[in-house]
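**Student:** Structure provided below as structure tokens; questions to follow.
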Amino acid sequence: MPHILTGNRLETGDVLWWNGSDWTHHIREAALLEPAAIEALIAEMKPAERINDLAAVEVTVEGGSYRPTTTRERVRAIGPSVRPDFALPSLPVETI
Amino acid sequence: MYRYDKIDQAIVDARVAEFKDQVARRLNNEITEDQFKPLRLMNGLYLQLHAYMLRVAIPYGTLSGTQMRMLAHIARKYDRDYGHFTTRQNIQYNWIKLEQFSDLLDDLSKVEMHAFQTSGNCIRNISSDQFAGAAADEVADPRPYAELLRQWSTLHPEFSFLPRKFKIAVIASEADRAAIQLHDIGLQLRKNDAGDLGFRVWVGGGMGRTPVLAKVIREFIPVSQFLSYSEAILRVYNRYGRRDSIYKARIKILVNELGIEAFTQQVEAEWALLQPLALDAPQSEYDRIIAQFPDPAFDPAAQDSIDVSDPEFGAWVDQNTHFHKQRGYASVTISLKPPAGIPGDASSAQMDIIADLAERYAHDEIRVTHSQNLVLAHVRKVDLHSLWTVLRAAGLATANLDLVTDIIACPGMDYCSLANARSIPIAQKIAAKFENDGAAQRDIGELKIKISGCINGCGHHHAGHIGILGVDKKGEEAYQLLLGGSGAEDASLAKILGPGFDENGIVDAVDRLIAFYKSARTGPDERFLDAYRRLGPAPFKDAVYV
Amino acid sequence: MSDPQIATLAELLAGANSSAVRIEPGDDARALLPHLGQLTLVEITFPKFRDGRGYSSARILREAGFTGTLRAAGDVLVDQLGFMVRAGFDDFAPDVPLDPAVVERTLARYPFVYQKAADARAPAWALREG
């Protein structure tokens with residue numbers, strides 16, 4: 001299963017996705033990585049204490065974007081299912 | 001209500017300055033996230049699914065119009081124009097940025113508000129009866145004692161690193177509108193045979209993974225000594241509460257493991273040792289605080305009748321107003337459970353309207369209930385119609401207090417990183433079936449549905465007549481169905497009825513429960529809960545799991 | 001100041017002739033009460049800062065009349081110092097050295113306190129009484 005790397009920005013709490021060289025707000029720009037590579041990245045980044053809750057998220061590749069396999073991560077990627085007006089544009093709310 | 005003196009304000013200001021310093025040191029990498037986290041939690045700031053969530057303290061659920069306006073301002077300036085009122089009488093904001101948090105705390109401190117100790121392993125917000133000061137059945141207003149507890153517990157040096165969170169509720173009547181039997185300490189104000197004021201002290205209640213009803217540790221402690229007695233309880237807990245598992249760390253586990261007799265002995269022994277230390281506040285401090293909770297200047301000529309010729313208004317009066325001790329007055333519940341709404345949410349515009357109404361019609365006082373609604377405790381009956389008209393236009397006049405659509409739901413997996421399942425959509429789907437049919441809702445009668453998205457139980461599902469618990473079933477959202485809980489003075493813990501359901505299944509199950517109840521009740525006056533207690537779970541189970 | 005040999009609680013209770021003892025979070029501070037006369041130093045350990053049992057131990061010892069040195073040792077962070085001083089500690093042996101400037105700011109932070117503790121600070125209600 002493909003994985004991508006996520007975290008939350010310390011200063012704002014924003015949900016972020018690793019695009020291979022930097023952090024982005026849009027899940028569709030994330031970089032697919034092997035779990036071992038994600039582990040290594042997390043180990044490298046964690047001591048810097050700038051991005052909270054670094055974690056690997058399992059996804060399926062769909063429609064030019066990545067759809068997390070758990071509801072929790074889909075909610076995290078899109079926004080609250082009960083507030084479609086807050087939905088981030090990378091995935092449709094219906095995807096939750 | 002209580003107004004800060006210069007000491008209270010200085011403490012808040014110092015706390016804000018301290019937290020600003022801590023944030024700066026975190027942003028400079030002088031402390032790690034692991035070290036910062038408990039500090040941030042002690043100021044009510046969680047990291048949730050989408051952003052930081054801030055829980056602002058509303059001490060014992062009481063606030064003024066000015067404070068409500070500030071909460072509206074916070075929602076507009078720092079968040080997304082709305083807030084969520086919680087089951088512990090606080091308010092939560094879901095989209096806060098750490099880098100703006102200092103400014104937000106400054107704004108709050110201008111109106112005597114803060115977010116201290118709304119999280120973390122410390123003593124949390126003291127909760128109380130939403131009708132305090134208005135209820136005809138109270139011995140005295142419990143809130144001065146809640147204020148004494150608030151001060152005593154704020155930045156308490158011995159009790160800031162407890163095994164786990166600690167929740168205290170205070171009431172002053174036999175009727176329990178604050179669920180004291182489900183709190184770590186429950187305090188019930190009463191009079192002894194000599195007419196002295198004191199508390200019946202309950203200890204060790206709670207929900208979560210191990211739901212337990214509290215037990216009485218002491219039938220009567222004089223009000224003059226209740227703080228030192230609480231100190232004794234907290235010290236025994238701090239010393240002996242389990243610290244090996246977060247699921248075994250509440251005081252309820254300690255009380256269960258020792259047994260109430262042994263636990264009581266330890267507390268009494270500790271209290272005896274504390275007596276010579278004069279830890280209790282003096283009578284002058286009690287008098288000073290009690291004087292800040294006088295009856296409002298009631299209108300002695302207030303008309304006692306209400307013109308209910310408008311049936312929609314009449315239905316709202318019947319359902320959402322509560323008897324007031326003063327002739328000509330009523331207490332009003334503002335429902336935050338409108339059709340297609342999110343339980344407990346209010347927009348900043350609605351908060352401003354409620355602030356205006358409080359100032360105009362309710363002696364400038366608003367209460368938050370643990371059912372995620374708001375209360376205007378002191379309203380003249382003659383003003384009810386004018387008040388209702390404004391509420392109605394603002395979507396705040398849903399006549400559903402304690403009915404099937406008055407559902408308690410935690411934020412759940414739509415917001416909360418602890419959740420296993422979403423709770424708000426379940427509430428919405430259940431409510432949708434009855435939404436525009438007040439008569440159908442009234443026919444069902446009192447039915448308290450409570451939904452939690454995880455075992456932490458912030459939706460109080462163990463105290464629901466129907467309780468719903470979100471669980472994770474191999475990565476999918478699933479729901480357990482529980483029946484027969486109550487957080488009132490007839491406290492009981494809801495029990496799982498049978499196997500769990502998916503999202504559609506749980507909504508369907510609730511439908512079947514209601515249909516069965518209507519067919520089996522002795523009459524429309526027998527509540528769902530009473531029918532369940534009379535018949536037992538078996539026929540309900542049969543009705544659901546055909 | 002060089003430390004006297006610090007006995008464990010078990011050693012002290014077994015009769016060790018030490019003027020210094022170390023107690024762990026799970027130890028009963030009241031076990032020291034018969035021995036306070038011989039003690040000039042009690043070290044209370046904080047293996048993890050979240051474990052707050054040491055605050056109760058400290059306060060209990062001060063309430064029992066111990067006037068010697070009460071030291072907090074281990075995972076002692078500057079943000080706990082204010083609480084620790086109020087609980088009765090007057091000496092600190094943190095695993096990681098504390099920034100003196102931050103220590104100073106922390107200890108001077110609160111002009112008032114709400115409740116009585118093991119320090120000499122008057123609680124708010126006492127100041128209001130007058």
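Residue numbering restarts at 1 in every chain; chains get A, B, ... in the order shown in the structure tokens, and ligands count up from 1 in that same order.
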Tell me as a PyMOL selection string which residues belonging to chain A come within 9 Å of chain B, counting only C-alpha atoms.

**Tutor:** chain A and resi 8-15+47-50+52+69-73+75-83

**Student:** Based on the backbone DSSP call, show me all residues of segment 362-479 of chain B assigned alpha helix (DSSP H), as a list of chain:residue names.

**Tutor:**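 Listing alpha helix (DSSP H) positions across segment 362-479 of chain B yields B:Leu384, B:His385, B:Ser386, B:Leu387, B:Trp388, B:Thr389, B:Val390, B:Leu391, B:Arg392, B:Ala393, B:Ile424, B:Pro425, B:Ile426, B:Ala427, B:Gln428, B:Lys429, B:Ile430, B:Ala431, B:Ala432, B:Gly438, B:Ala439, B:Ala440, B:Gln441, B:Arg442, B:Asp443, B:Ile444.
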
**Student:** What are the residues of chain B lining chain C at 9 Å or less? Count only C-alpha atoms, and put the answer as number ranges by chain.

**Tutor:** B: 7-8, 10-11, 14-15, 17-18, 22, 35, 38-39, 121, 151-163, 235, 238-240, 243, 273-274, 277-282, 284-285

**Student:** Return the single residue from B:Asp193, B:Asp307, B:Glu312, B:Asp383 that is closest to Ala358 of chain B, with distances computed using only C-alpha atoms.

**Tutor:**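 Selected residue with least distance to Ala358 of chain B: B:Asp383.
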
**Student:** Within 7 Å of segment 132-147 of chain B, counting only C-alpha atoms, which residues qualify if same-chain residues fewer than 5 places away don't, as number ranges by chain?

**Tutor:** B: 60, 126, 170-173, 189-190, 289-290, 293, 295, 324-325, 377-378

**Student:** Mind dumping the selected residues with all heavy atoms as a short mmCIF file (atom, residue, chain, number, x, y, z; two decimals), in the first residue's frame?

**Tutor:**
```cif
data_model
loop_
_atom_site.label_atom_id
_atom_site.label_comp_id
_atom_site.auth_asym_id
_atom_site.auth_seq_id
_atom_site.Cartn_x
_atom_site.Cartn_y
_atom_site.Cartn_z
N TYR B 60 -18.37 27.40 36.33
CA TYR B 60 -19.70 26.91 36.70
C TYR B 60 -20.76 27.37 35.70
O TYR B 60 -21.92 27.61 36.04
CB TYR B 60 -20.06 27.25 38.16
CG TYR B 60 -19.55 28.61 38.64
CD1 TYR B 60 -20.31 29.75 38.50
CD2 TYR B 60 -18.28 28.74 39.21
CE1 TYR B 60 -19.84 30.98 38.92
CE2 TYR B 60 -17.80 29.98 39.63
CZ TYR B 60 -18.57 31.09 39.48
OH TYR B 60 -18.10 32.32 39.89
N ILE B 126 -15.11 23.79 37.42
CA ILE B 126 -16.14 23.37 38.38
C ILE B 126 -17.48 23.56 37.69
O ILE B 126 -17.77 24.64 37.17
CB ILE B 126 -16.09 24.24 39.65
CG1 ILE B 126 -14.65 24.43 40.16
CG2 ILE B 126 -16.99 23.66 40.73
CD1 ILE B 126 -13.92 23.20 40.58
N VAL B 170 -21.01 20.95 41.65
CA VAL B 170 -21.66 21.44 42.86
C VAL B 170 -23.12 21.74 42.58
O VAL B 170 -23.42 22.46 41.62
CB VAL B 170 -21.01 22.76 43.35
CG1 VAL B 170 -21.52 23.14 44.73
CG2 VAL B 170 -19.51 22.68 43.34
N ILE B 171 -24.02 21.19 43.40
CA ILE B 171 -25.44 21.52 43.26
C ILE B 171 -26.00 21.86 44.62
O ILE B 171 -25.31 21.72 45.64
CB ILE B 171 -26.25 20.36 42.62
CG1 ILE B 171 -26.16 19.11 43.51
CG2 ILE B 171 -25.76 20.07 41.22
CD1 ILE B 171 -27.09 17.98 43.04
N ALA B 172 -27.26 22.27 44.65
CA ALA B 172 -27.85 22.69 45.92
C ALA B 172 -29.28 22.20 46.07
O ALA B 172 -30.08 22.82 46.76
CB ALA B 172 -27.80 24.21 46.03
N SER B 173 -29.60 21.11 45.40
CA SER B 173 -30.97 20.59 45.47
C SER B 173 -30.92 19.08 45.47
O SER B 173 -29.87 18.48 45.18
CB SER B 173 -31.78 21.08 44.27
OG SER B 173 -31.10 20.76 43.07
N LEU B 189 -25.14 20.65 48.26
CA LEU B 189 -25.39 21.57 49.37
C LEU B 189 -26.69 21.18 50.06
O LEU B 189 -27.69 20.93 49.39
CB LEU B 189 -25.46 23.00 48.83
CG LEU B 189 -25.42 24.17 49.80
CD1 LEU B 189 -24.10 24.22 50.54
CD2 LEU B 189 -25.66 25.48 49.05
N ARG B 190 -26.67 21.17 51.39
CA ARG B 190 -27.87 20.78 52.12
C ARG B 190 -27.80 21.35 53.52
O ARG B 190 -26.79 21.94 53.92
CB ARG B 190 -27.98 19.26 52.17
CG ARG B 190 -26.74 18.57 52.72
CD ARG B 190 -26.82 17.08 52.51
NE ARG B 190 -27.90 16.53 53.30
CZ ARG B 190 -27.73 15.79 54.41
NH1 ARG B 190 -26.52 15.49 54.83
NH2 ARG B 190 -28.77 15.31 55.06
N ILE B 289 -17.85 36.64 48.75
CA ILE B 289 -18.24 36.00 47.49
C ILE B 289 -19.74 35.82 47.40
O ILE B 289 -20.35 36.09 46.36
CB ILE B 289 -17.49 34.67 47.31
CG1 ILE B 289 -15.98 34.94 47.17
CG2 ILE B 289 -18.00 33.92 46.08
CD1 ILE B 289 -15.12 33.69 47.09
N ILE B 290 -20.37 35.41 48.49
CA ILE B 290 -21.83 35.22 48.47
C ILE B 290 -22.52 36.53 48.13
O ILE B 290 -23.52 36.56 47.41
CB ILE B 290 -22.32 34.66 49.83
CG1 ILE B 290 -21.89 33.19 49.97
CG2 ILE B 290 -23.84 34.78 49.95
CD1 ILE B 290 -22.10 32.60 51.36
N PHE B 293 -23.47 37.19 44.55
CA PHE B 293 -24.51 36.39 43.90
C PHE B 293 -25.87 36.69 44.50
O PHE B 293 -26.61 35.80 44.91
CB PHE B 293 -24.20 34.89 44.07
CG PHE B 293 -23.00 34.44 43.28
CD1 PHE B 293 -21.73 34.49 43.84
CD2 PHE B 293 -23.14 33.96 42.00
CE1 PHE B 293 -20.61 34.08 43.12
CE2 PHE B 293 -22.03 33.54 41.26
CZ PHE B 293 -20.76 33.61 41.83
N ASP B 295 -29.86 37.89 44.61
CA ASP B 295 -30.97 37.84 43.67
C ASP B 295 -30.91 39.08 42.80
O ASP B 295 -30.58 40.15 43.28
CB ASP B 295 -32.30 37.84 44.43
CG ASP B 295 -32.67 36.45 44.93
OD1 ASP B 295 -32.05 35.47 44.47
OD2 ASP B 295 -33.57 36.36 45.78
N HIS B 324 -39.55 29.21 38.00
CA HIS B 324 -38.62 30.12 38.68
C HIS B 324 -39.14 30.38 40.08
O HIS B 324 -40.36 30.50 40.29
CB HIS B 324 -38.54 31.42 37.88
CG HIS B 324 -37.42 32.32 38.27
ND1 HIS B 324 -37.36 32.98 39.48
CD2 HIS B 324 -36.30 32.70 37.59
CE1 HIS B 324 -36.26 33.71 39.53
NE2 HIS B 324 -35.61 33.56 38.41
N LYS B 325 -38.23 30.54 41.03
CA LYS B 325 -38.65 30.73 42.42
C LYS B 325 -39.45 32.02 42.61
O LYS B 325 -40.23 32.15 43.55
CB LYS B 325 -37.44 30.72 43.35
CG LYS B 325 -36.50 31.90 43.18
CD LYS B 325 -35.26 31.78 44.05
CE LYS B 325 -34.41 33.05 43.91
NZ LYS B 325 -33.12 32.94 44.60
N ALA B 377 -31.54 32.60 32.95
CA ALA B 377 -32.17 32.09 34.18
C ALA B 377 -33.29 32.97 34.71
O ALA B 377 -34.20 32.48 35.37
CB ALA B 377 -31.11 31.89 35.25
N HIS B 378 -33.22 34.27 34.47
CA HIS B 378 -34.19 35.18 35.11
C HIS B 378 -34.89 36.01 34.05
O HIS B 378 -34.42 37.09 33.69
CB HIS B 378 -33.47 36.14 36.07
CG HIS B 378 -32.54 35.50 37.05
ND1 HIS B 378 -32.98 34.68 38.06
CD2 HIS B 378 -31.19 35.58 37.18
CE1 HIS B 378 -31.93 34.28 38.78
NE2 HIS B 378 -30.84 34.81 38.28
#
```

**Student:** Which distance in Å separates atom CA of Asp79 of chain B and atom CA of Asn456 of chain B, to one decimal?

**Tutor:**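 Straight-line distance from atom CA of Asp79 of chain B to atom CA of Asn456 of chain B works out to 25.5 Å.
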
**Student:** In Å to one decimal, how far is atom CA of Cys122 of chain B from atom CA of Phe46 of chain C?

**Tutor:**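 Separation between atom CA of Phe46 of chain C and atom CA of Cys122 of chain B: 17.6 Å.
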
**Student:** Which residues come within 10 Å of Gly328 of chain B, counting only C-alpha atoms, excluding same-chain residues fewer than 5 positions away, as a PyMOL selection string?

**Tutor:** chain B and resi 298-306+323+378-382
